[in-house]
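Q: This is the content of protein33.cif (mmCIF, C-alpha atoms):
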```cif
data_data
#
loop_
_atom_site.label_atom_id
_atom_site.label_comp_id
_atom_site.auth_asym_id
_atom_site.auth_seq_id
_atom_site.Cartn_x
_atom_site.Cartn_y
_atom_site.Cartn_z
CA MET Z 1 11.58 -16.95 -9.57
CA ALA Z 2 9.15 -14.51 -7.95
CA VAL Z 3 8.15 -15.23 -4.36
CA GLU Z 4 4.85 -14.35 -2.67
CA ILE Z 5 4.72 -11.22 -0.53
CA LYS Z 6 1.97 -9.27 1.26
CA THR Z 7 1.66 -5.84 -0.32
CA LEU Z 8 0.11 -2.69 1.14
CA VAL Z 9 -3.35 -3.73 -0.03
CA HIS Z 10 -3.47 -6.11 2.97
CA TYR Z 11 -2.94 -3.19 5.39
CA PRO Z 12 -5.47 -0.43 4.53
CA ASP Z 13 -4.51 1.91 7.40
CA LEU Z 14 -0.84 1.67 6.46
CA TYR Z 15 -1.68 2.15 2.79
CA PHE Z 16 -3.46 5.43 3.45
CA LYS Z 17 -0.65 6.66 5.73
CA LYS Z 18 1.82 6.14 2.85
CA TYR Z 19 -0.66 7.65 0.42
CA ALA Z 20 -0.90 10.82 2.54
CA THR Z 21 2.88 11.20 2.32
CA VAL Z 22 2.99 11.00 -1.49
CA ILE Z 23 0.09 13.47 -1.66
CA LYS Z 24 2.13 15.84 0.52
CA ASN Z 25 4.94 15.59 -2.02
CA GLY Z 26 2.86 16.45 -5.05
CA PHE Z 27 1.12 13.23 -6.08
CA THR Z 28 -2.54 13.72 -6.96
CA MET Z 29 -5.41 11.67 -8.31
CA LYS Z 30 -7.23 14.80 -9.56
CA ASP Z 31 -5.70 17.47 -11.77
CA ASP Z 32 -6.74 19.81 -14.58
CA LYS Z 33 -5.48 17.57 -17.40
CA LYS Z 34 -7.31 14.56 -16.00
CA THR Z 35 -10.50 16.60 -15.63
CA ARG Z 36 -10.21 17.75 -19.26
CA ASP Z 37 -9.63 14.17 -20.42
CA LEU Z 38 -12.60 12.92 -18.38
CA THR Z 39 -14.78 15.66 -19.86
CA GLU Z 40 -13.77 14.70 -23.41
CA THR Z 41 -14.29 11.02 -22.65
CA PHE Z 42 -17.81 11.37 -21.28
CA GLU Z 43 -18.82 13.81 -24.03
CA MET Z 44 -18.32 10.88 -26.44
CA ILE Z 45 -21.36 9.16 -24.96
CA SER Z 46 -24.45 9.96 -26.97
CA CYS Z 47 -27.46 11.08 -24.94
CA ASP Z 48 -29.85 10.65 -27.86
CA ASP Z 49 -32.77 8.27 -27.25
CA LYS Z 50 -31.58 7.34 -23.74
CA SER Z 51 -34.08 7.48 -20.90
CA GLU Z 52 -31.21 6.81 -18.47
CA LEU Z 53 -27.48 6.26 -18.48
CA ARG Z 54 -26.25 3.14 -16.65
CA ILE Z 55 -22.71 3.22 -15.23
CA LEU Z 56 -20.80 0.47 -13.42
CA ALA Z 57 -17.93 1.89 -11.34
CA ILE Z 58 -15.40 -0.68 -10.06
CA GLY Z 59 -12.90 -0.19 -7.26
CA THR Z 60 -13.80 3.44 -6.66
CA GLY Z 61 -12.37 3.90 -3.18
CA GLN Z 62 -14.01 6.95 -1.65
CA GLY Z 63 -15.05 8.30 -5.06
CA LEU Z 64 -12.58 11.14 -5.64
CA VAL Z 65 -12.47 10.70 -9.42
CA ASP Z 66 -16.10 9.57 -9.55
CA GLU Z 67 -17.13 12.98 -8.23
CA VAL Z 68 -15.90 14.56 -11.48
CA ILE Z 69 -17.60 11.89 -13.58
CA ILE Z 70 -20.94 12.20 -11.77
CA ASP Z 71 -20.87 15.99 -12.15
CA LEU Z 72 -20.39 15.52 -15.91
CA VAL Z 73 -23.06 12.87 -16.54
CA SER Z 74 -25.67 14.35 -14.19
CA ALA Z 75 -25.49 17.59 -16.19
CA ARG Z 76 -25.98 15.83 -19.54
CA PHE Z 77 -28.47 13.03 -18.88
CA LYS Z 78 -32.02 13.11 -17.55
CA ALA Z 79 -31.43 10.07 -15.34
CA VAL Z 80 -28.30 8.19 -14.30
CA VAL Z 81 -27.98 4.84 -12.53
CA TYR Z 82 -24.57 4.61 -10.84
CA VAL Z 83 -23.64 1.13 -9.55
CA VAL Z 84 -20.56 1.14 -7.32
CA VAL Z 85 -18.57 -2.06 -6.66
CA GLU Z 86 -16.00 -1.48 -3.90
CA PRO Z 87 -14.78 -4.19 -1.47
CA ALA Z 88 -13.30 -1.80 1.15
CA GLU Z 89 -16.19 -0.99 3.49
CA ALA Z 90 -14.60 2.11 5.05
CA GLU Z 91 -13.85 3.65 1.64
CA LEU Z 92 -17.34 2.83 0.38
CA GLN Z 93 -18.82 4.59 3.42
CA LYS Z 94 -16.84 7.73 2.55
CA PHE Z 95 -18.35 7.59 -0.94
CA LYS Z 96 -21.83 7.28 0.57
CA ASP Z 97 -21.11 10.23 2.85
CA MET Z 98 -20.07 12.34 -0.15
CA VAL Z 99 -23.35 11.47 -1.89
CA SER Z 100 -25.27 12.53 1.25
CA VAL Z 101 -23.45 15.87 1.30
CA LYS Z 102 -24.23 16.43 -2.39
CA ALA Z 103 -27.89 15.61 -1.74
CA GLY Z 104 -27.92 18.21 1.03
CA GLN Z 105 -26.59 20.72 -1.51
CA ASP Z 106 -29.41 19.81 -3.92
CA GLN Z 107 -26.97 18.16 -6.36
CA TRP Z 108 -27.08 14.85 -8.27
CA LYS Z 109 -30.87 14.66 -7.85
CA ASN Z 110 -31.18 12.70 -11.12
CA VAL Z 111 -28.63 10.05 -10.08
CA THR Z 112 -29.71 6.77 -8.47
CA PHE Z 113 -26.89 5.08 -6.58
CA LYS Z 114 -26.47 1.40 -5.79
CA PHE Z 115 -23.55 0.60 -3.48
CA LEU Z 116 -22.20 -2.95 -3.38
CA CYS Z 117 -19.48 -3.85 -0.86
CA THR Z 118 -18.06 -6.72 -2.86
CA THR Z 119 -15.31 -7.70 -5.28
CA ILE Z 120 -15.63 -7.61 -9.04
CA GLU Z 121 -15.29 -11.41 -9.07
CA ASP Z 122 -18.27 -11.87 -6.73
CA PHE Z 123 -20.26 -9.25 -8.64
CA LEU Z 124 -19.75 -11.06 -11.95
CA ASP Z 125 -20.39 -14.45 -10.33
CA THR Z 126 -23.70 -13.21 -8.90
CA ARG Z 127 -24.74 -11.87 -12.33
CA SER Z 128 -24.00 -15.26 -13.85
CA LYS Z 129 -25.86 -17.25 -11.18
CA THR Z 130 -28.93 -14.98 -11.30
CA LYS Z 131 -28.83 -14.86 -15.11
CA THR Z 132 -28.87 -11.05 -15.06
CA THR Z 133 -29.02 -9.66 -18.59
CA GLU Z 134 -29.26 -5.91 -17.94
CA GLY Z 135 -26.14 -4.24 -19.29
CA PHE Z 136 -24.32 -0.95 -18.87
CA ASP Z 137 -23.55 2.05 -21.07
CA VAL Z 138 -20.25 2.74 -19.29
CA ILE Z 139 -18.05 0.51 -17.16
CA HIS Z 140 -14.98 2.04 -15.59
CA THR Z 141 -12.10 0.64 -13.58
CA LEU Z 142 -9.73 3.45 -12.62
CA HIS Z 143 -6.48 2.11 -11.14
CA SER Z 144 -8.34 -0.93 -9.83
CA THR Z 145 -7.71 -3.50 -12.59
CA CYS Z 146 -4.41 -4.43 -10.93
CA HIS Z 147 -6.44 -5.79 -7.97
CA PHE Z 148 -8.58 -8.17 -10.05
CA ILE Z 149 -7.75 -11.84 -9.50
CA ASP Z 150 -7.87 -12.41 -13.27
CA PRO Z 151 -7.55 -8.93 -14.77
CA HIS Z 152 -7.47 -9.98 -18.42
CA GLY Z 153 -10.38 -12.40 -18.12
CA SER Z 154 -12.47 -9.97 -16.07
CA LEU Z 155 -11.99 -7.12 -18.56
CA VAL Z 156 -13.21 -9.37 -21.37
CA GLU Z 157 -16.23 -10.33 -19.26
CA LEU Z 158 -16.93 -6.68 -18.44
CA TYR Z 159 -16.74 -5.74 -22.12
CA GLY Z 160 -19.30 -8.47 -22.72
CA ILE Z 161 -21.90 -6.88 -20.40
CA LEU Z 162 -21.73 -3.51 -22.15
CA ASP Z 163 -24.79 -2.55 -24.13
CA LYS Z 164 -24.30 -1.89 -27.85
CA GLY Z 165 -22.42 1.40 -28.23
CA GLY Z 166 -21.15 1.17 -24.66
CA MET Z 167 -17.70 2.08 -23.39
CA LEU Z 168 -15.22 0.21 -21.17
CA PHE Z 169 -12.90 2.75 -19.55
CA VAL Z 170 -9.67 1.46 -17.99
CA MET Z 171 -7.13 3.75 -16.30
CA LEU Z 172 -3.72 2.45 -15.21
CA VAL Z 173 -0.15 3.54 -14.56
CA ALA Z 174 2.16 3.86 -17.55
CA GLY Z 175 5.72 4.92 -18.27
CA PRO Z 176 8.16 5.03 -15.31
CA TRP Z 177 5.83 3.54 -12.71
CA GLU Z 178 4.84 0.74 -15.08
CA ARG Z 179 8.51 -0.07 -15.72
CA THR Z 180 9.12 -0.05 -11.95
CA ASN Z 181 6.16 -2.40 -11.45
CA VAL Z 182 7.52 -4.82 -14.02
CA LYS Z 183 10.90 -4.90 -12.24
CA ILE Z 184 9.23 -5.56 -8.85
CA GLY Z 185 7.20 -8.35 -10.48
CA GLU Z 186 10.43 -10.12 -11.36
CA TYR Z 187 11.02 -10.67 -7.63
CA TYR Z 188 7.59 -10.71 -5.94
CA PHE Z 189 3.94 -11.49 -6.49
CA ASP Z 190 0.77 -11.01 -4.48
CA PRO Z 191 -2.50 -12.68 -5.57
CA LYS Z 192 -4.28 -9.41 -4.69
CA VAL Z 193 -2.03 -7.12 -6.75
CA HIS Z 194 -0.57 -7.44 -10.24
CA PHE Z 195 2.69 -5.61 -10.91
CA PHE Z 196 1.91 -4.32 -14.38
CA GLY Z 197 0.64 -1.25 -16.21
CA MET Z 198 -1.38 -0.26 -19.24
CA SER Z 199 0.92 -1.72 -21.91
CA ALA Z 200 0.38 -5.31 -20.79
CA VAL Z 201 -3.36 -4.83 -20.25
CA ARG Z 202 -3.96 -3.14 -23.61
CA GLU Z 203 -1.95 -5.75 -25.53
CA LYS Z 204 -3.75 -8.68 -23.91
CA PHE Z 205 -7.18 -7.08 -24.34
CA LEU Z 206 -6.63 -6.54 -28.06
CA GLU Z 207 -5.52 -10.17 -28.41
CA GLN Z 208 -8.81 -11.31 -26.90
CA ILE Z 209 -11.22 -8.71 -28.36
CA LYS Z 210 -9.89 -8.22 -31.88
CA ASP Z 211 -12.82 -6.14 -33.15
CA ALA Z 212 -12.84 -3.64 -30.24
CA LYS Z 213 -12.56 0.01 -31.21
CA ILE Z 214 -9.80 1.40 -28.98
CA MET Z 215 -8.79 4.94 -28.06
CA THR Z 216 -6.05 5.91 -25.61
CA LYS Z 217 -5.17 9.05 -23.65
CA PHE Z 218 -1.82 9.61 -21.93
CA ARG Z 219 -0.94 11.97 -19.06
CA ALA Z 220 2.63 12.64 -17.96
CA LYS Z 221 2.76 13.27 -14.20
CA ARG Z 222 5.56 13.69 -11.66
CA PHE Z 223 5.99 13.96 -7.91
CA ARG Z 224 8.97 14.79 -5.72
CA ILE Z 225 10.82 11.86 -4.11
CA ASN Z 226 14.11 13.36 -2.85
CA GLU Z 227 13.82 11.69 0.56
CA CYS Z 228 13.31 8.21 -0.97
CA PHE Z 229 17.07 7.92 -1.24
CA GLN Z 230 17.67 8.83 2.41
CA GLU Z 231 17.45 5.63 4.47
CA ASP Z 232 16.68 7.44 7.74
CA SER Z 233 13.85 9.59 6.32
CA GLU Z 234 10.34 8.61 7.47
CA ASP Z 235 8.74 10.42 4.53
CA GLY Z 236 11.25 8.86 2.15
CA ASN Z 237 10.50 5.36 3.39
CA ASP Z 238 6.76 6.02 3.19
CA MET Z 239 7.11 7.09 -0.44
CA LEU Z 240 9.36 4.15 -1.29
CA ASP Z 241 6.86 1.77 0.32
CA PHE Z 242 4.04 3.34 -1.72
CA ILE Z 243 5.90 3.21 -5.04
CA ALA Z 244 6.86 -0.44 -4.48
CA GLN Z 245 3.56 -1.25 -2.69
CA ILE Z 246 5.63 -3.21 -0.17
CA PRO Z 247 5.30 -2.28 3.54
CA ASP Z 248 8.60 -1.50 5.27
CA PHE Z 249 10.33 -2.01 1.93
CA ARG Z 250 13.94 -1.58 3.07
CA LYS Z 251 13.53 -4.09 5.92
CA THR Z 252 11.31 -6.53 4.05
CA VAL Z 253 13.35 -7.17 0.92
CA SER Z 254 16.97 -8.23 0.63
CA LYS Z 255 19.63 -5.57 0.05
CA GLU Z 256 20.27 -6.97 -3.43
CA VAL Z 257 16.61 -6.68 -4.42
CA ALA Z 258 16.24 -3.27 -2.74
CA ASP Z 259 19.23 -1.94 -4.68
CA ALA Z 260 17.83 -3.28 -7.98
CA ILE Z 261 14.39 -1.71 -7.43
CA ILE Z 262 15.79 1.59 -6.15
CA ASN Z 263 18.06 1.74 -9.20
CA ILE Z 264 15.11 1.30 -11.58
CA ILE Z 265 13.29 4.09 -9.69
CA LYS Z 266 16.36 6.33 -10.08
CA GLU Z 267 16.55 5.56 -13.79
CA ASN Z 268 12.96 6.73 -14.17
CA CYS Z 269 13.44 10.06 -12.39
CA VAL Z 270 14.23 13.49 -13.77
CA LYS Z 271 15.84 16.48 -12.05
CA SER Z 272 13.88 19.71 -11.65
CA GLY Z 273 16.17 22.19 -9.94
CA ASP Z 274 17.02 20.60 -6.60
CA ASP Z 275 14.10 18.18 -6.79
CA ILE Z 276 14.15 14.56 -7.94
CA MET Z 277 10.88 13.86 -9.72
CA PHE Z 278 9.49 10.35 -10.26
CA GLY Z 279 7.17 9.70 -13.20
CA VAL Z 280 3.68 8.55 -12.27
CA ASP Z 281 2.25 8.68 -15.78
CA GLU Z 282 -1.28 7.48 -16.47
CA GLU Z 283 -2.94 6.06 -19.55
CA ASP Z 284 -6.64 5.65 -20.31
CA MET Z 285 -7.90 2.90 -22.58
CA LEU Z 286 -11.38 3.41 -23.99
CA ALA Z 287 -12.88 0.34 -25.65
CA PHE Z 288 -16.14 0.89 -27.53
CA LYS Z 289 -18.57 -1.92 -28.32
#
```
Go ahead and express the file in the form of structure tokens.
A:
Amino acid sequence: MAVEIKTLVHYPDLYFKKYATVIKNGFTMKDDKKTRDLTETFEMISCDDKSELRILAIGTGQGLVDEVIIDLVSARFKAVVYVVVEPAEAELQKFKDMVSVKAGQDQWKNVTFKFLCTTIEDFLDTRSKTKTTEGFDVIHTLHSTCHFIDPHGSLVELYGILDKGGMLFVMLVAGPWERTNVKIGEYYFDPKVHFFGMSAVREKFLEQIKDAKIMTKFRAKRFRINECFQEDSEDGNDMLDFIAQIPDFRKTVSKEVADAIINIIKENCVKSGDDIMFGVDEEDMLAFK
């Protein structure tokens, strides 16, 4: 039976320290294939007869991927309303700072931003209480669905506030990292993080919204984790903590559990010369209304 544990999401400073280590070893949230996929995705949105495009962006962090999206839509649409829902105040401020820099460079002049430092649950609750009916053309949750309290219920609710012809865009881990998440979920749970990936989310969504038109995009990605298997390596322990999302993983979990999770990580690695590469595949689910 899984027991409750506090994951890295409870320790933002620690999270970003671990994140910096995986970035150093080749992990990235932005790459050429993702940019091409984003371009193709947002070219599917018709700009005919639209005075403005309304986008709801959920769990954006500092807006690294959003920057690509905003570049794309600001070039295609006369006016864009970009509503950002992000509960981490420090990350939201970084997003605001990026927007200020872009404004100073005379960019994104046709984009109106609304920043909300709140959770998706509170956002949806406020809409319900205020009887808000205004919908969105695009709603995206990029690697943030796993932090929803009720991910499956919230995605259905988000699909419901799309305007006709709108698109719900979900991005999550797939492949090796998803399989690793599932293994961790056998031992631990955290109400703020769900140990799953795209397979579970897509299957449940299609059970609940049977008439949704679905399209998926898959990206195979790898990063180097040689030091993960060296117990005395600071970088290795940082990467292991980040993959498992458990702070001080080797000291926090029992040896039996640590061995089981490390073994599943090993099983999902490939060799590239002298490097051990862990799969951090991504999958996009596009649901059209």
Q: Apply the PyMOL selection byres ((chain Z and resi 41) around 10) to the structure shown and report the selected residues as a ChimeraX atom specification.
A: /Z:35-40,42-45,69,167,169,215,217,284,286
Q: Between Z:Glu256, Z:Ser233, Z:Lys289, Z:Val201, which has the minimum distance to Ile214 of chain Z (counting all atoms listed in the file)?
A: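 Of Z:Glu256, Z:Ser233, Z:Lys289, Z:Val201, the one nearest Ile214 of chain Z, counting all atoms listed in the file, is Z:Lys289.
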Q: Tell me which residues the PyMOL selection byres ((chain Z and resi 194) around 12) grabs here, as a PyMOL selection string.
A: chain Z and resi 4-7+9+143-152+172-173+178+181-186+188-193+195-198+200-201+244-245
Q: Can you translate the PyMOL selection byres ((chain Z and resi 113) around 7) into the concrete residues it hits in this file, as a short mmCIF file (atom, residue, chain, number, x, y, z; two decimals) with C-alpha atoms, in the frame of the given file?
A:
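The result, stored in part.cif:
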```cif
data_model
loop_
_atom_site.label_atom_id
_atom_site.label_comp_id
_atom_site.auth_asym_id
_atom_site.auth_seq_id
_atom_site.Cartn_x
_atom_site.Cartn_y
_atom_site.Cartn_z
CA VAL Z 81 -27.98 4.84 -12.53
CA TYR Z 82 -24.57 4.61 -10.84
CA VAL Z 83 -23.64 1.13 -9.55
CA VAL Z 111 -28.63 10.05 -10.08
CA THR Z 112 -29.71 6.77 -8.47
CA LYS Z 114 -26.47 1.40 -5.79
CA PHE Z 115 -23.55 0.60 -3.48
#
```
Q: Which is closest to Glu283 of chain Z among Z:Ala174, Z:Val101, Z:Ala260, Z:Leu158, if we use all atoms listed in the file?
A: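 Under the stated criterion, the closest residue is Z:Ala174.
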Q: Go ahead and find all residues with at least one atom no further than 10 Å from (-26.3, 13.4, -16.2) in the file's coordinates, using all atoms listed in the file; report them as a short mmCIF file (atom, residue, chain, number, x, y, z; two decimals) with C-alpha atoms, keeping the file's coordinate frame.
A:
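And here's part-v2.cif as it stands now:
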```cif
data_model
loop_
_atom_site.label_atom_id
_atom_site.label_comp_id
_atom_site.auth_asym_id
_atom_site.auth_seq_id
_atom_site.Cartn_x
_atom_site.Cartn_y
_atom_site.Cartn_z
CA CYS Z 47 -27.46 11.08 -24.94
CA GLU Z 52 -31.21 6.81 -18.47
CA LEU Z 53 -27.48 6.26 -18.48
CA ILE Z 69 -17.60 11.89 -13.58
CA ILE Z 70 -20.94 12.20 -11.77
CA ASP Z 71 -20.87 15.99 -12.15
CA LEU Z 72 -20.39 15.52 -15.91
CA VAL Z 73 -23.06 12.87 -16.54
CA SER Z 74 -25.67 14.35 -14.19
CA ALA Z 75 -25.49 17.59 -16.19
CA ARG Z 76 -25.98 15.83 -19.54
CA PHE Z 77 -28.47 13.03 -18.88
CA LYS Z 78 -32.02 13.11 -17.55
CA ALA Z 79 -31.43 10.07 -15.34
CA VAL Z 80 -28.30 8.19 -14.30
CA VAL Z 81 -27.98 4.84 -12.53
CA TRP Z 108 -27.08 14.85 -8.27
CA LYS Z 109 -30.87 14.66 -7.85
CA ASN Z 110 -31.18 12.70 -11.12
CA VAL Z 111 -28.63 10.05 -10.08
#
```
Q: So how far away is atom CA of His140 of chain Z from atom CA of Glu157 of chain Z, in Å?
A: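 Atom CA of His140 of chain Z lies 13.0 Å from atom CA of Glu157 of chain Z.
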Q: In Å to one decimal, how far is atom CA of Met285 of chain Z from atom CA of Glu67 of chain Z?
A: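 Atom CA of Met285 of chain Z lies at a distance of 19.8 Å from atom CA of Glu67 of chain Z.
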Q: With only C-alpha atoms as the basis for distance, which of Z:Cys117, Z:Met239, Z:Ala287, Z:Ala20 is at the shortest distance from Leu155 of chain Z?
A: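 So, comparing all the options, the nearest one is Z:Ala287.
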